[in-house]
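Asks: Input file: entry22.cif. Contents: mmCIF, C-alpha atoms.
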data_work
#
loop_
_atom_site.label_atom_id
_atom_site.label_comp_id
_atom_site.auth_asym_id
_atom_site.auth_seq_id
_atom_site.Cartn_x
_atom_site.Cartn_y
_atom_site.Cartn_z
CA MET O 108 -137.65 -203.65 75.32
CA THR O 109 -141.36 -203.02 75.72
CA ARG O 110 -140.72 -199.30 75.52
CA HIS O 111 -139.15 -199.90 72.10
CA GLY O 112 -142.13 -201.92 70.85
CA ILE O 113 -140.62 -205.38 71.31
CA ASP O 114 -142.90 -208.05 72.80
CA THR O 115 -141.67 -209.39 76.12
CA ALA O 116 -143.03 -211.81 78.67
CA SER O 117 -143.86 -209.86 81.82
CA PRO O 118 -145.56 -211.23 84.93
CA ILE O 119 -147.35 -207.89 85.44
CA GLY O 120 -148.64 -207.54 81.89
CA LYS O 121 -147.41 -205.64 78.88
CA ARG O 122 -149.53 -202.54 79.42
CA ASN O 123 -148.69 -202.11 83.11
CA TYR O 124 -145.03 -202.91 82.54
CA ALA O 125 -144.65 -200.15 79.94
CA ILE O 126 -146.10 -197.62 82.40
CA PHE O 127 -143.82 -198.94 85.16
CA LEU O 128 -140.72 -198.33 83.00
CA LYS O 129 -141.40 -194.68 82.21
CA SER O 130 -138.82 -192.41 83.77
CA THR O 131 -139.13 -188.72 84.48
CA SER O 132 -135.50 -188.37 85.48
CA THR O 133 -133.50 -185.73 83.65
CA PHE O 134 -130.25 -186.84 85.27
CA SER O 135 -127.27 -187.10 82.99
CA PRO O 136 -123.97 -188.37 84.40
CA TYR O 137 -120.78 -186.41 83.89
CA ILE O 138 -118.45 -188.30 81.56
CA PHE O 139 -114.84 -187.27 82.01
CA THR O 140 -112.65 -186.96 78.96
CA GLU O 141 -109.43 -188.98 78.96
CA GLU O 142 -107.53 -185.71 79.38
CA GLU O 143 -109.67 -184.79 82.42
CA ILE O 144 -109.03 -188.22 83.94
CA SER O 145 -105.32 -187.66 83.44
CA ARG O 146 -105.52 -184.28 85.20
CA LEU O 147 -107.61 -185.70 88.07
CA ILE O 148 -105.18 -188.56 88.65
CA GLY O 149 -102.30 -186.09 88.49
CA ALA O 150 -104.01 -183.93 91.10
CA ALA O 151 -104.58 -186.98 93.30
CA ASP O 152 -100.92 -187.94 92.96
CA ASN O 153 -99.96 -184.51 94.31
CA LEU O 154 -102.24 -184.43 97.35
CA PRO O 155 -100.33 -183.16 100.37
CA GLN O 156 -99.72 -185.23 103.47
CA ARG O 157 -101.94 -184.57 106.49
CA LYS O 158 -101.03 -185.40 110.07
CA ASN O 159 -104.57 -186.57 110.86
CA ALA O 160 -104.75 -188.83 107.78
CA PRO O 161 -101.76 -191.13 107.52
CA TYR O 162 -101.14 -192.48 104.04
CA ARG O 163 -103.69 -190.07 102.49
CA GLU O 164 -101.26 -189.08 99.76
CA ILE O 165 -100.94 -192.70 98.60
CA VAL O 166 -104.41 -194.09 99.47
CA LEU O 167 -106.58 -191.54 97.66
CA PRO O 168 -104.74 -191.78 94.32
CA ALA O 169 -105.09 -195.58 94.52
CA ILE O 170 -108.83 -195.32 95.30
CA TYR O 171 -109.51 -193.02 92.35
CA ARG O 172 -107.51 -195.28 90.02
CA VAL O 173 -109.49 -198.34 91.11
CA LEU O 174 -112.79 -196.49 90.69
CA TYR O 175 -111.93 -195.41 87.17
CA CYS O 176 -110.03 -198.48 85.97
CA CYS O 177 -112.42 -201.10 87.38
CA GLY O 178 -115.73 -199.23 87.43
CA LEU O 179 -116.38 -200.08 91.07
CA ARG O 180 -118.89 -198.33 93.27
CA VAL O 181 -117.22 -196.33 96.05
CA ASN O 182 -118.38 -198.63 98.86
CA GLU O 183 -117.26 -201.70 96.94
CA ALA O 184 -113.76 -200.28 96.60
CA LEU O 185 -113.56 -199.16 100.22
CA ARG O 186 -114.51 -202.61 101.53
CA LEU O 187 -111.70 -204.33 99.62
CA ARG O 188 -109.27 -206.19 101.83
CA ILE O 189 -105.68 -206.98 100.89
CA THR O 190 -106.77 -210.63 100.60
CA ASP O 191 -109.34 -209.62 97.93
CA CYS O 192 -106.50 -208.61 95.59
CA ASN O 193 -105.01 -211.32 93.44
CA PHE O 194 -101.92 -209.67 92.04
CA LYS O 195 -100.87 -212.85 90.20
CA GLU O 196 -104.18 -213.10 88.30
CA GLY O 197 -104.80 -209.34 88.17
CA THR O 198 -108.25 -209.46 89.79
CA LEU O 199 -110.21 -207.94 92.63
CA PHE O 200 -112.81 -209.92 94.56
CA VAL O 201 -115.78 -207.70 95.37
CA ARG O 202 -117.78 -209.08 98.29
CA ASN O 203 -121.41 -208.26 98.84
CA GLY O 204 -121.75 -205.75 96.02
CA LYS O 205 -125.04 -204.26 94.90
CA GLY O 206 -127.82 -206.77 95.41
CA GLY O 207 -125.62 -208.70 97.85
CA LYS O 208 -123.67 -210.30 95.00
CA ASP O 209 -120.00 -211.21 94.91
CA ARG O 210 -117.98 -210.84 91.72
CA ILE O 211 -114.46 -210.97 90.40
CA VAL O 212 -113.31 -207.85 88.57
CA PRO O 213 -110.31 -207.93 86.23
CA MET O 214 -107.66 -205.24 86.47
CA HIS O 215 -105.56 -203.85 83.68
CA PRO O 216 -101.92 -205.00 84.05
CA THR O 217 -100.81 -201.41 84.73
CA LEU O 218 -103.29 -201.11 87.61
CA THR O 219 -102.21 -204.50 88.95
CA ALA O 220 -98.58 -203.33 88.96
CA TYR O 221 -99.55 -200.00 90.50
CA LEU O 222 -101.52 -201.66 93.32
CA SER O 223 -98.75 -204.17 93.95
CA ASP O 224 -96.27 -201.30 94.42
CA TYR O 225 -98.88 -199.36 96.45
CA ARG O 226 -99.38 -202.37 98.75
CA SER O 227 -95.66 -202.41 99.54
CA LYS O 228 -95.96 -198.84 100.92
CA LEU O 229 -98.71 -199.74 103.41
CA PRO O 230 -98.10 -200.99 106.94
CA GLY O 231 -97.59 -204.76 106.96
CA ASP O 232 -100.38 -205.43 109.45
CA THR O 233 -103.21 -203.69 107.58
CA GLU O 234 -106.29 -205.71 106.66
CA TRP O 235 -107.79 -203.12 104.31
CA LEU O 236 -106.62 -202.17 100.84
CA PHE O 237 -107.47 -198.54 101.64
CA PRO O 238 -106.62 -198.20 105.35
CA SER O 239 -107.32 -195.20 107.54
CA SER O 240 -106.57 -194.52 111.17
CA ARG O 241 -110.03 -195.95 112.01
CA GLY O 242 -110.14 -199.02 109.80
CA HIS O 243 -110.76 -198.22 106.14
CA TYR O 244 -111.50 -194.97 104.36
CA SER O 245 -115.11 -193.79 104.54
CA ARG O 246 -117.32 -192.85 101.63
CA SER O 247 -117.69 -189.30 102.96
CA THR O 248 -113.91 -188.84 103.19
CA VAL O 249 -113.47 -189.97 99.59
CA TYR O 250 -116.23 -187.59 98.43
CA GLU O 251 -114.95 -184.64 100.48
CA ASN O 252 -111.42 -185.04 99.15
CA PHE O 253 -112.70 -185.40 95.60
CA ARG O 254 -114.64 -182.12 95.66
CA GLU O 255 -111.49 -180.03 95.53
CA MET O 256 -109.92 -181.96 92.66
CA PRO O 257 -112.15 -180.80 89.75
CA ILE O 258 -111.60 -177.22 90.91
CA LEU O 259 -107.83 -177.73 90.89
CA CYS O 260 -108.12 -179.32 87.42
CA LYS O 261 -110.37 -176.57 86.04
CA ILE O 262 -113.21 -179.00 85.35
CA PRO O 263 -116.47 -177.05 85.56
CA HIS O 264 -119.17 -178.14 87.96
CA THR O 265 -122.49 -178.59 86.20
CA GLY O 266 -124.68 -178.37 89.28
CA LYS O 267 -124.93 -182.14 89.61
CA GLY O 268 -121.43 -183.17 88.80
CA PRO O 269 -118.83 -184.18 88.38
CA ARG O 270 -119.14 -186.59 91.30
CA VAL O 271 -116.99 -189.50 92.44
CA HIS O 272 -119.59 -191.92 91.06
CA ASP O 273 -118.98 -190.44 87.61
CA PHE O 274 -115.72 -192.42 87.51
CA ARG O 275 -118.00 -195.49 87.20
CA HIS O 276 -120.01 -193.95 84.36
CA THR O 277 -116.82 -192.87 82.62
CA PHE O 278 -115.36 -196.36 82.98
CA CYS O 279 -118.37 -197.74 81.10
CA VAL O 280 -118.01 -195.21 78.29
CA HIS O 281 -114.21 -195.51 77.98
CA THR O 282 -114.11 -199.32 78.15
CA LYS O 283 -113.45 -200.71 74.72
CA THR O 284 -115.00 -204.02 73.80
#
Let me see the structure of the file written as structure tokens.
Replies:
Amino acid sequence: MTRHGIDTASPIGKRNYAIFLKSTSTFSPYIFTEEEISRLIGAADNLPQRKNAPYREIVLPAIYRVLYCCGLRVNEALRLRITDCNFKEGTLFVRNGKGGKDRIVPMHPTLTAYLSDYRSKLPGDTEWLFPSSRGHYSRSTVYENFREMPILCKIPHTGKGPRVHDFRHTFCVHTKT
């Protein structure tokens, strides 16, 4: 607000606060179009099975849907347990998110239905919503698998994106109030 000339109460003083807020970043997130999201999800739905990654072909499409439809950070999604999903209420309980905060995130009814069906395809004894052979999927695995998808979908790489985290930015832009 100070940067826009609006008086604010700041414990470090107006002058110092304005200097503190200046950013030299030229970063601009990649915002997927709705058509690009559709192509990416289609590509995820057609991922081949791999012997070393059981359930890959169902887990990764679910992860990317949750990232886009709920705007979660990758680590927040990967730490979701089955018990964090309330399919009756259509919510996800995010534990220890950024800043150590918990929050409840609503899901669209179509995502709730998708995840309910997805859950029925997982082994009955799994604790994690996105299980792997070593517990739950890792951030690096999600990123590595994502890198090939924009290429398959003919989405150009801009040098800094698109990245998995751009699902979060796109969620914010596409969410209608």
Asks: From the list O:Val249, O:Val166, O:Cys260, O:Ile211, which residue is nearest Asn182 of chain O when using only C-alpha atoms?
Replies: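 Answer, going by the shortest atom-to-atom distance: O:Val249.
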Asks: I want to know what sits within 7 Å of Gly197 of chain O, based on only C-alpha atoms, with residues of the same chain fewer than 4 positions away left out; could you give that as a list in words?
Replies: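 Within the cut-off, the hits are Asn193, Pro213, Met214, Pro216 and Thr219 of chain O.
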Asks: Around all the atoms of segment 179-197 of chain O listed in the file, draw an axis-aligned box and extend it by 8 Å on each of the six sides; I want its centre and edge lengths in Å to one decimal, as JSON.
Replies:
{"center_x": -109.9, "center_y": -204.7, "center_z": 95.0, "size_x": 34.0, "size_y": 32.8, "size_z": 29.7}
Asks: Need the shell around Val280 of chain O: protein/DNA/RNA residues with any atom at most 10 Å away, counting all atoms listed in the file. Skip same-chain ones fewer than 4 positions apart. Format as a ChimeraX atom specification?
Replies: /O:138-140,274-276
Asks: Go through O:Val181, O:Val173, O:Val201, O:Leu187 one by one, measure the shortest atom-to-atom distance of each to Tyr221 of chain O using all atoms listed in the file, and give the residue with the smallest value.
Replies: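 Of O:Val181, O:Val173, O:Val201, O:Leu187, the one nearest Tyr221 of chain O, counting all atoms listed in the file, is O:Val173.
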Asks: Quick check, in Å to one decimal: how far apart do atom CA of Pro161 of chain O and atom CA of Pro269 of chain O lie?
Replies: 26.6 Å
Asks: Applied to the shown file, which residues does the PyMOL selection byres ((chain O and resi 223-228) around 9) return, written as a ChimeraX atom specification?
Replies: /O:162,165-166,169,189,194,218-222,229-231,236
Asks: Quote the spacing between atom CA of Thr248 of chain O and atom CA of Asp152 of chain O in Å to one decimal place.
Replies: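 Separating atom CA of Thr248 of chain O from atom CA of Asp152 of chain O is a distance of 16.6 Å.
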Asks: Rounded to one decimal in Å, what is the spacing between atom CA of Cys176 of chain O and atom CA of Asn159 of chain O?
Replies: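 Interatomic distance, atom CA of Cys176 of chain O to atom CA of Asn159 of chain O: 28.1 Å.
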Asks: Name the closest residue to Arg254 of chain O among the candidates O:Lys283, O:Tyr175, O:Gly268, O:Arg202; distances are taken between atoms, counting only C-alpha atoms.
Replies: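 Looking at the shortest contact to Arg254 of chain O, the residue is O:Gly268.
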Asks: Choose the residue, out of O:Ser239, O:Pro136, O:Thr131, O:Ile148, that has the smallest atom-to-atom separation from Gly266 of chain O; count only C-alpha atoms.
Replies: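 Selected residue with least distance to Gly266 of chain O: O:Pro136.
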